[in-house]
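Here's entry.txt, which has compact mmCIF, C-alpha atoms:
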# COMPACT_ATOMS: atom_id res chain seq x y z
CA MET A 28 108.48 94.26 92.52
CA PRO A 29 107.24 93.45 89.00
CA PRO A 30 107.15 96.38 86.54
CA VAL A 31 103.36 96.11 86.14
CA ARG A 32 102.97 97.35 89.72
CA LEU A 33 103.81 101.03 89.40
CA PRO A 34 101.07 102.64 87.24
CA GLY A 35 98.19 101.08 89.12
CA LEU A 36 99.70 101.72 92.52
CA ILE A 37 100.39 105.38 91.88
CA VAL A 38 96.63 105.62 91.31
CA ALA A 39 96.12 103.68 94.54
CA GLU A 40 98.41 105.99 96.46
CA LEU A 41 96.63 109.06 95.20
CA THR A 42 93.34 107.39 96.13
CA ILE A 43 94.60 106.70 99.65
CA ALA A 44 95.62 110.30 100.15
CA ALA A 45 92.44 111.71 98.68
CA THR A 46 90.12 109.31 100.51
CA ALA A 47 91.72 109.77 103.90
CA VAL A 48 91.88 113.51 103.52
CA ALA A 49 88.25 113.74 102.51
CA GLY A 50 87.30 111.57 105.47
CA GLY A 51 89.26 113.80 107.84
CA GLY A 52 87.89 117.04 106.39
CA TYR A 53 91.27 118.66 105.80
CA GLY A 54 90.45 120.24 102.43
CA ALA A 55 92.28 120.74 99.17
CA LEU A 56 95.53 122.08 100.61
CA ARG A 57 95.89 119.05 102.87
CA ALA A 58 95.16 116.72 99.95
CA SER A 59 97.86 118.34 97.86
CA ARG A 60 100.41 117.94 100.63
CA GLN A 61 99.49 114.29 101.14
CA VAL A 62 99.82 113.51 97.43
CA ARG A 63 103.24 115.16 97.29
CA ALA A 64 104.29 113.20 100.35
CA VAL A 65 103.17 109.92 98.82
CA LEU A 66 105.02 110.53 95.55
CA ALA A 67 108.14 111.69 97.35
CA SER A 68 108.06 108.56 99.49
CA ARG A 69 107.79 106.32 96.41
CA ALA A 70 110.67 108.12 94.70
CA ALA A 71 112.87 107.67 97.75
CA VAL A 72 112.12 103.94 97.91
CA ALA A 73 112.87 103.48 94.21
CA ALA A 74 116.25 105.15 94.61
CA ARG A 75 117.29 103.32 97.77
CA VAL A 76 120.30 100.98 97.55
CA PRO A 77 120.01 98.13 100.06
CA ALA A 78 122.80 97.85 102.62
CA PRO A 79 124.54 94.54 103.45
CA LEU A 80 122.87 92.24 105.95
CA ALA A 81 124.12 92.84 109.49
CA ALA A 82 124.62 90.07 112.02
CA ARG A 83 121.72 89.60 114.42
CA LYS A 84 121.64 88.20 117.93
CA ASP A 85 118.84 86.27 119.59
CA LEU A 86 117.28 87.89 122.63
CA SER A 87 115.78 86.13 125.60
CA SER A 88 114.59 86.81 129.13
CA LEU A 89 114.27 89.94 128.14
CA PRO A 90 82.63 94.55 120.10
CA GLU A 91 80.49 96.14 118.78
CA PRO A 92 79.44 93.41 121.36
CA LEU A 93 78.99 90.99 118.44
CA ILE A 94 82.68 91.16 117.48
CA ALA A 95 83.87 87.68 116.55
CA LEU A 96 87.18 86.88 118.21
CA GLU A 97 87.55 83.19 117.40
CA ALA A 98 91.29 83.55 116.71
CA ALA A 99 91.90 86.02 119.51
CA GLY A 100 91.33 86.26 123.23
CA THR A 101 94.43 84.20 123.97
CA PHE A 102 98.15 84.85 123.93
CA MET A 103 100.74 82.08 123.77
CA GLY A 104 97.99 79.61 124.64
CA MET A 105 96.87 81.52 127.74
CA SER A 106 93.67 83.47 128.28
CA ASP A 107 93.96 87.22 127.79
CA GLU A 108 91.85 87.76 130.88
CA LEU A 109 94.17 85.64 133.01
CA LEU A 110 97.21 87.62 131.83
CA LEU A 111 95.44 90.97 132.20
CA GLU A 112 94.43 90.13 135.76
CA ARG A 113 98.07 89.48 136.56
CA VAL A 114 99.45 92.70 135.09
CA ARG A 115 96.66 94.75 136.71
CA THR A 116 96.70 93.36 140.24
CA GLN A 117 99.70 91.16 141.11
CA PRO A 118 101.98 92.75 143.76
CA ILE A 119 105.23 94.00 142.26
CA VAL A 120 108.41 92.75 143.93
CA ARG A 121 111.09 94.11 141.55
CA PHE A 122 111.66 96.79 138.91
CA LYS A 123 114.60 96.52 136.51
CA VAL A 124 115.34 99.14 133.85
CA ASN A 125 115.43 97.68 130.35
CA HIS A 126 118.48 98.58 128.32
CA GLY A 127 118.33 99.75 124.71
CA GLY A 128 115.96 102.23 123.13
CA SER A 129 115.43 105.87 123.93
CA SER A 130 112.39 105.47 126.19
CA LEU A 131 112.30 104.58 129.86
CA SER A 132 110.96 101.06 130.34
CA PHE A 133 111.14 98.40 133.02
CA ARG A 134 110.84 94.68 133.44
CA ILE A 135 108.72 94.13 136.51
CA GLU A 136 108.50 90.90 138.50
CA PHE A 137 105.32 89.93 140.30
CA ALA A 138 104.83 88.02 143.54
CA ASP A 139 103.52 84.98 141.63
CA GLY A 140 106.71 84.77 139.54
CA SER A 141 105.24 86.21 136.34
CA ARG A 142 106.61 89.32 134.66
CA ALA A 143 105.51 92.32 132.64
CA ALA A 144 107.06 95.10 130.62
CA TRP A 145 106.09 98.43 132.19
CA LYS A 146 106.44 101.93 130.77
CA PRO A 147 105.60 104.94 132.94
CA ASN A 148 104.26 108.25 131.72
CA GLN A 149 107.45 110.06 130.84
CA THR A 150 109.05 113.12 129.33
CA ASN A 151 109.92 111.26 126.10
CA LEU A 152 107.02 112.35 123.91
CA GLN A 153 107.62 109.54 121.44
CA THR A 154 106.58 107.05 124.13
CA ILE A 155 102.94 107.34 125.21
CA PRO A 156 102.12 104.22 127.26
CA ARG A 157 98.32 104.31 126.76
CA LYS A 158 98.89 103.62 123.06
CA GLU A 159 100.20 100.14 123.87
CA ILE A 160 96.76 99.38 125.32
CA ALA A 161 95.11 100.74 122.18
CA ALA A 162 97.34 98.55 120.00
CA TYR A 163 96.44 95.47 122.04
CA ARG A 164 92.71 96.10 121.83
CA LEU A 165 92.77 96.95 118.11
CA ASN A 166 94.79 93.79 117.46
CA ARG A 167 92.09 91.69 119.09
CA LEU A 168 89.34 93.61 117.29
CA LEU A 169 90.96 92.48 114.03
CA GLY A 170 90.90 88.85 115.19
CA LEU A 171 94.67 88.75 115.69
CA ASN A 172 96.63 87.68 118.76
CA ALA A 173 100.10 89.10 118.13
CA VAL A 174 100.16 91.98 120.67
CA PRO A 175 100.75 91.00 124.31
CA PRO A 176 97.85 91.83 126.66
CA ALA A 177 98.32 95.32 128.10
CA ALA A 178 96.55 97.29 130.82
CA PRO A 179 97.08 100.47 132.88
CA ARG A 180 99.22 100.10 136.00
CA ALA A 181 99.78 102.98 138.42
CA VAL A 182 102.97 102.96 140.50
CA GLY A 183 104.04 105.31 143.28
CA ARG A 184 107.47 106.93 143.45
CA GLU A 185 108.32 105.22 146.74
CA GLU A 186 107.19 101.81 145.47
CA LEU A 187 109.26 102.19 142.30
CA LEU A 188 112.48 103.39 143.93
CA SER A 189 112.35 101.01 146.91
CA HIS A 190 111.89 97.94 144.70
CA LEU A 191 114.61 98.68 142.16
CA HIS A 192 116.91 95.88 141.10
CA PRO A 193 120.46 96.58 142.37
CA GLU A 194 121.69 97.00 138.79
CA SER A 195 119.14 99.80 138.24
CA ILE A 196 119.93 101.84 141.35
CA PRO A 197 122.59 103.93 139.54
CA LEU A 198 119.83 104.99 137.12
CA ILE A 199 117.74 106.69 139.82
CA PRO A 200 118.65 110.19 138.57
CA ARG A 201 117.37 109.28 135.11
CA ILE A 202 114.22 107.68 136.54
CA GLU A 203 113.50 110.77 138.63
CA ALA A 204 114.17 113.12 135.71
CA GLU A 205 112.12 111.29 133.05
CA THR A 206 109.19 109.76 134.95
CA ILE A 207 106.14 112.02 135.27
CA PHE A 208 104.64 111.67 138.75
CA GLY A 209 101.29 113.25 139.56
CA PRO A 210 100.35 115.32 142.62
CA THR A 211 99.81 112.14 144.66
CA GLY A 212 103.28 110.85 143.80
CA LYS A 213 102.03 108.21 141.37
CA THR A 214 102.71 107.67 137.67
CA LEU A 215 100.15 105.90 135.52
CA GLY A 216 101.94 103.65 133.08
CA THR A 217 101.09 100.57 131.04
CA ALA A 218 102.01 96.99 131.88
CA SER A 219 102.23 94.36 129.10
CA TYR A 220 102.66 90.64 129.60
CA TRP A 221 106.36 89.74 129.39
CA ILE A 222 107.11 87.15 126.70
CA PRO A 223 109.60 84.78 128.35
CA VAL A 224 111.79 84.08 125.32
CA ILE A 225 111.96 85.97 122.04
CA LYS A 226 114.38 86.36 119.19
CA ASP A 227 114.93 88.82 116.38
CA SER A 228 113.04 87.87 113.25
CA GLY A 229 115.53 89.48 110.87
CA PHE A 230 112.71 91.02 108.85
CA ASP A 231 113.87 94.52 109.76
CA THR A 232 117.23 93.95 108.05
CA PRO A 233 117.73 94.83 104.35
CA GLU A 234 117.84 91.16 103.40
CA GLY A 235 114.78 90.35 105.50
CA GLN A 236 112.83 93.24 104.00
CA ARG A 237 113.70 92.11 100.47
CA LEU A 238 112.54 88.59 101.27
CA ALA A 239 109.27 89.81 102.79
CA GLN A 240 108.60 92.08 99.83
CA ALA A 241 109.15 89.20 97.42
CA TRP A 242 106.66 87.00 99.29
CA LEU A 243 104.05 89.77 99.28
CA SER A 244 104.46 90.76 95.59
CA GLN A 245 102.24 89.52 92.79
CA GLY A 246 103.86 86.90 90.59
CA GLU A 247 106.46 85.90 93.18
CA HIS A 248 106.68 82.39 94.65
CA ILE A 249 106.08 81.78 98.37
CA PRO A 250 107.51 78.46 99.63
CA ASN A 251 104.81 76.33 101.22
CA ASP A 252 106.56 76.37 104.60
CA LYS A 253 106.64 80.20 104.53
CA LEU A 254 102.98 80.85 103.74
CA GLU A 255 101.98 81.37 107.38
CA MET A 256 104.85 83.78 108.04
CA ALA A 257 104.10 85.69 104.82
CA ALA A 258 100.49 86.08 105.99
CA GLN A 259 101.68 87.45 109.35
CA LEU A 260 103.97 89.96 107.62
CA SER A 261 101.04 91.10 105.47
CA ASP A 262 98.85 91.51 108.57
CA LEU A 263 101.64 93.43 110.30
CA ALA A 264 101.88 95.96 107.45
CA VAL A 265 98.12 96.54 107.65
CA PHE A 266 98.23 96.78 111.45
CA ASP A 267 101.11 99.26 111.47
CA PHE A 268 99.34 101.40 108.89
CA LEU A 269 96.15 101.41 110.94
CA THR A 270 98.04 102.28 114.13
CA CYS A 271 100.33 104.69 112.25
CA ASN A 272 103.44 103.14 113.83
CA PRO A 273 106.62 104.22 111.96
CA ASP A 274 108.94 102.55 114.50
CA ARG A 275 108.63 98.90 113.43
CA LEU A 276 111.69 98.81 111.18
CA SER A 277 113.88 101.12 113.24
CA GLY A 278 115.78 98.15 114.63
CA GLY A 279 114.93 95.65 117.36
CA ASN A 280 111.13 95.85 117.03
CA MET A 281 110.58 92.79 114.81
CA LYS A 282 110.47 89.92 117.28
CA MET A 283 109.30 86.33 116.94
CA SER A 284 108.94 83.11 118.91
CA PRO A 285 112.02 80.91 119.32
CA ASP A 286 110.63 78.38 116.82
CA GLY A 287 110.26 81.11 114.20
CA LYS A 288 106.53 80.54 113.71
CA GLN A 289 104.92 83.56 115.43
CA LEU A 290 105.60 87.26 114.96
CA TYR A 291 105.01 89.48 117.99
CA TYR A 292 103.82 93.05 117.38
CA MET A 293 105.64 94.64 120.33
CA ASP A 294 106.57 98.23 121.24
CA ASN A 295 103.58 100.20 119.97
CA THR A 296 103.85 103.35 122.11
CA MET A 297 105.05 105.51 119.19
CA SER A 298 101.82 105.26 117.21
CA PHE A 299 98.25 106.45 116.62
CA PHE A 300 99.22 109.79 115.12
CA VAL A 301 96.31 111.84 113.78
CA GLU A 302 97.40 111.55 110.13
CA PRO A 303 94.39 110.20 108.20
CA ALA A 304 96.57 108.96 105.32
CA GLY A 305 99.30 107.60 107.57
CA VAL A 306 102.87 108.84 107.74
CA PRO A 307 105.25 108.26 104.80
CA LYS A 308 106.97 105.28 106.43
CA THR A 309 103.80 103.31 107.22
CA ARG A 310 102.27 104.25 103.86
CA ASP A 311 105.36 103.03 102.05
CA GLU A 312 105.32 99.70 103.89
CA LEU A 313 101.66 99.17 103.03
CA MET A 314 102.39 99.93 99.37
CA LYS A 315 104.90 97.08 99.26
CA VAL A 316 102.11 94.60 100.02
CA GLN A 317 100.08 93.11 97.17
CA ARG A 318 98.86 89.98 98.97
CA PHE A 319 96.50 90.06 101.93
CA SER A 320 94.58 87.86 104.33
CA ARG A 321 90.91 87.67 103.43
CA ALA A 322 89.96 87.32 107.11
CA THR A 323 91.94 90.41 108.11
CA TYR A 324 90.46 92.40 105.24
CA ARG A 325 86.93 91.40 106.28
CA ALA A 326 87.76 92.32 109.88
CA LEU A 327 88.30 95.92 108.75
CA GLU A 328 84.49 96.16 108.70
CA ARG A 329 84.56 96.03 112.50
CA ILE A 330 86.49 99.30 112.67
CA SER A 331 84.14 102.24 113.13
CA VAL A 332 84.00 105.22 115.45
CA PRO A 333 81.27 103.69 117.70
CA THR A 334 83.02 100.31 117.90
CA LEU A 335 86.40 101.85 118.69
CA GLU A 336 84.82 104.11 121.29
CA GLN A 337 83.47 100.99 122.97
CA VAL A 338 86.59 98.83 122.63
CA LEU A 339 88.87 101.69 123.69
CA SER A 340 86.64 103.03 126.42
CA GLU A 341 88.22 104.31 129.62
CA GLU A 342 89.30 101.46 131.86
CA THR A 343 88.06 101.44 135.46
CA GLY A 344 90.44 103.34 137.69
CA THR A 345 92.18 105.30 134.94
CA PRO A 346 91.81 109.05 134.43
CA TYR A 347 92.46 109.09 130.70
CA GLU A 348 91.00 108.07 127.36
CA ILE A 349 92.94 105.23 125.78
CA LEU A 350 92.58 107.06 122.46
CA THR A 351 91.28 110.58 121.92
CA PRO A 352 88.36 111.25 119.55
CA ALA A 353 90.79 112.65 116.96
CA GLU A 354 92.99 109.55 117.19
CA ILE A 355 89.95 107.29 116.76
CA ARG A 356 88.76 109.20 113.69
CA ALA A 357 92.23 108.89 112.18
CA VAL A 358 92.18 105.10 112.63
CA VAL A 359 88.86 104.92 110.77
CA ALA A 360 90.21 107.13 107.97
CA ARG A 361 93.22 104.85 107.60
CA ARG A 362 90.86 101.86 107.55
CA ASP A 363 89.15 103.46 104.55
CA ALA A 364 92.54 104.02 102.93
CA VAL A 365 93.46 100.34 103.26
CA ARG A 366 90.18 99.29 101.70
CA GLN A 367 90.63 101.69 98.80
CA TYR A 368 94.17 100.42 98.18
CA VAL A 369 93.12 96.78 98.22
CA SER A 370 90.21 97.59 95.89
CA VAL A 371 92.65 98.99 93.34
CA LEU A 372 94.81 95.87 93.63
CA VAL A 373 91.80 93.59 93.13
CA GLY A 374 90.92 95.50 89.97
CA GLN A 375 94.47 95.10 88.69
CA PHE A 376 95.34 91.53 89.73
CA GLY A 377 92.04 89.84 90.58
CA GLU A 378 90.52 88.91 93.93
CA ARG A 379 92.01 85.42 94.03
CA ASN A 380 95.56 86.70 93.65
CA VAL A 381 95.21 89.60 96.07
CA PHE A 382 93.62 87.53 98.83
CA ALA A 383 96.42 84.97 98.85
CA PHE A 384 95.96 84.06 102.52
CA PRO A 385 92.86 82.77 104.35
The structure in this file should be written as structure tokens.
Amino acid sequence: MPPVRLPGLIVAELTIAATAVAGGGYGALRASRQVRAVLASRAAVAARVPAPLAARKDLSSLPEPLIALEAAGTFMGMSDELLLERVRTQPIVRFKVNHGGSSLSFRIEFADGSRAAWKPNQTNLQTIPRKEIAAYRLNRLLGLNAVPPAAPRAVGREELLSHLHPESIPLIPRIEAETIFGPTGKTLGTASYWIPVIKDSGFDTPEGQRLAQAWLSQGEHIPNDKLEMAAQLSDLAVFDFLTCNPDRLSGGNMKMSPDGKQLYYMDNTMSFFVEPAGVPKTRDELMKVQRFSRATYRALERISVPTLEQVLSEETGTPYEILTPAEIRAVVARRDAVRQYVSVLVGQFGERNVFAFP
């Protein structure tokens, strides 16, 4: 990052902490803790020595009513409603446990040949399936279409165990131990449309992170053929700050289309914490961004408590809130923090340079 960045952004960071804290009503003690956390996070980043780039492998098979969603409402060229209808209602013919990661997740196959990723309510408290639905709906509220359509899907114990793929049968003890079944023998999880072919983007590696940071820093050149990807990386940093998702760069959660043109914001169940200023990891990633999409910034105006209450309202047939009132208020506080941060950048670098993407 250029040397001119630091003084103005320390002010921005303090503004983020103070603004979010004031919005959440936490008081002076909370503000002090947030400021210390921000400064500690910045010091840690400054001292970090990047590690060598590791080899990566491709993976596959694996509105307010007036909200404008011109760029959303579809996923991979298909209607969201079509995909949601499938994941909600299609008969399930097979469950297969996904390998990798600490949470319990499945690939499910439907009678019509389509697939979904399904996570049940489980004992792993870092995986809360309803938050994948919240991420999907917030993504569309922002006019983006990078999160696969997701909806609640209840499954009974007998249905799950009797339709297991042969390779997953040895995992029955784990499934029984970690899946939370209710009094009726059902677990209410979340099903997300299964992207047929994906690959690692490489942007969660040290080299990939350095490249992304260069593209999103003032004064740095972005090759013309990388402008669209740079814009998506900027949007992702904003989205992960809003959703308070610290898991994006933990390894394996930065996926893209096989042609390398589209990022997919997958695996959002460890998110929506009630921290009004974000957690250190998401705050730090936002602070690396000095170039933003004007459309995404304007879309922040759509985020309010009433709008989120409507967009994230309880879905028919589900017994839970997709987000709690406290989680919704925290999203709005983080929205305010993003706007304050961008305002500081505009004052330092000018609107034209900050809003580098349409």
Identify, on the basis of only C-alpha atoms, every residue whose closest approach to stretch 288-303 of chain A does not exceed 9 Å; exclude the query and any residue fewer than 6 positions from it along the same chain; express the result as JSON, numbers by chain. {"A": [44, 46, 47, 48, 50, 51, 152, 153, 154, 155, 156, 157, 158, 159, 160, 161, 162, 163, 172, 173, 174, 175, 225, 228, 255, 256, 259, 260, 263, 266, 267, 269, 270, 271, 272, 273, 274, 275, 280, 281, 282, 350, 353, 354, 355, 356, 357, 358, 359, 360, 361, 364]}
Excluding A:Phe137 and its own-chain neighbours fewer than 5 positions away, which residues fall within 10 Å of it when counting only C-alpha atoms? Please give them as a ChimeraX atom specification. /A:113-114,116-122,142-143
Would you save the residues from that selection as a compact mmCIF listing (two decimals), keeping the file's coordinate frame, using C-alpha atoms?
# COMPACT_ATOMS: atom_id res chain seq x y z
CA ARG A 113 98.07 89.48 136.56
CA VAL A 114 99.45 92.70 135.09
CA THR A 116 96.70 93.36 140.24
CA GLN A 117 99.70 91.16 141.11
CA PRO A 118 101.98 92.75 143.76
CA ILE A 119 105.23 94.00 142.26
CA VAL A 120 108.41 92.75 143.93
CA ARG A 121 111.09 94.11 141.55
CA PHE A 122 111.66 96.79 138.91
CA ARG A 142 106.61 89.32 134.66
CA ALA A 143 105.51 92.32 132.64
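Using all atoms listed in the file, the nearest neighbour of A:His248 within the list A:Leu111, A:Leu335, A:Val124, A:Arg318 is A:Arg318.
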Using all atoms listed in the file, which protein or nucleic acid residues come within 9 Å of A:Ala322? Drop anything in the same chain fewer than 5 positions from it, and give the result as a VMD selection string. chain A and resid 169 to 170 327 384 to 385
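For the choices A:Ser320, A:Thr345, A:Glu312, A:Ala239, the atom-to-atom distance to A:Leu171 is smallest for A:Ser320 when using all atoms listed in the file.
Residue neighbourhood of A:Gln149, excluding near-sequence residues (fewer than 6 positions): A:Ser130, A:Leu131, A:Ser132, A:Ile155, A:Pro156, A:Ile202, A:Glu203, A:Ala204, A:Glu205, A:Thr206, A:Ile207, A:Phe208, A:Thr214, A:Leu215, A:Gly216, at 10 Å, using all atoms listed in the file.
With distances restricted to only C-alpha atoms, A:Gln317 is the closest residue to A:Val373 from A:Thr232, A:Thr101, A:Ser331, A:Gln317.
Between atom CA of A:Glu194 and atom CA of A:Pro210 the interatomic distance comes to 28.4 Å.
Our summary of the geometry notes that atom CA of A:Lys253 is positioned 20.3 Å from atom CA of A:Tyr324.
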Selected residue of minimal separation from A:Ser219 among A:Glu328, A:Glu112, A:Asp363, A:Glu247, counting all atoms listed in the file: A:Glu112
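Taking atom CA of A:Leu313 as the reference point, atom CA of A:Phe268 is found at 6.7 Å.
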Give the answer as one residue: which of A:Pro223, A:Leu165, A:Asp107, A:Thr211 has the shortest atom-to-atom distance to A:Arg329, using all atoms listed in the file? A:Leu165
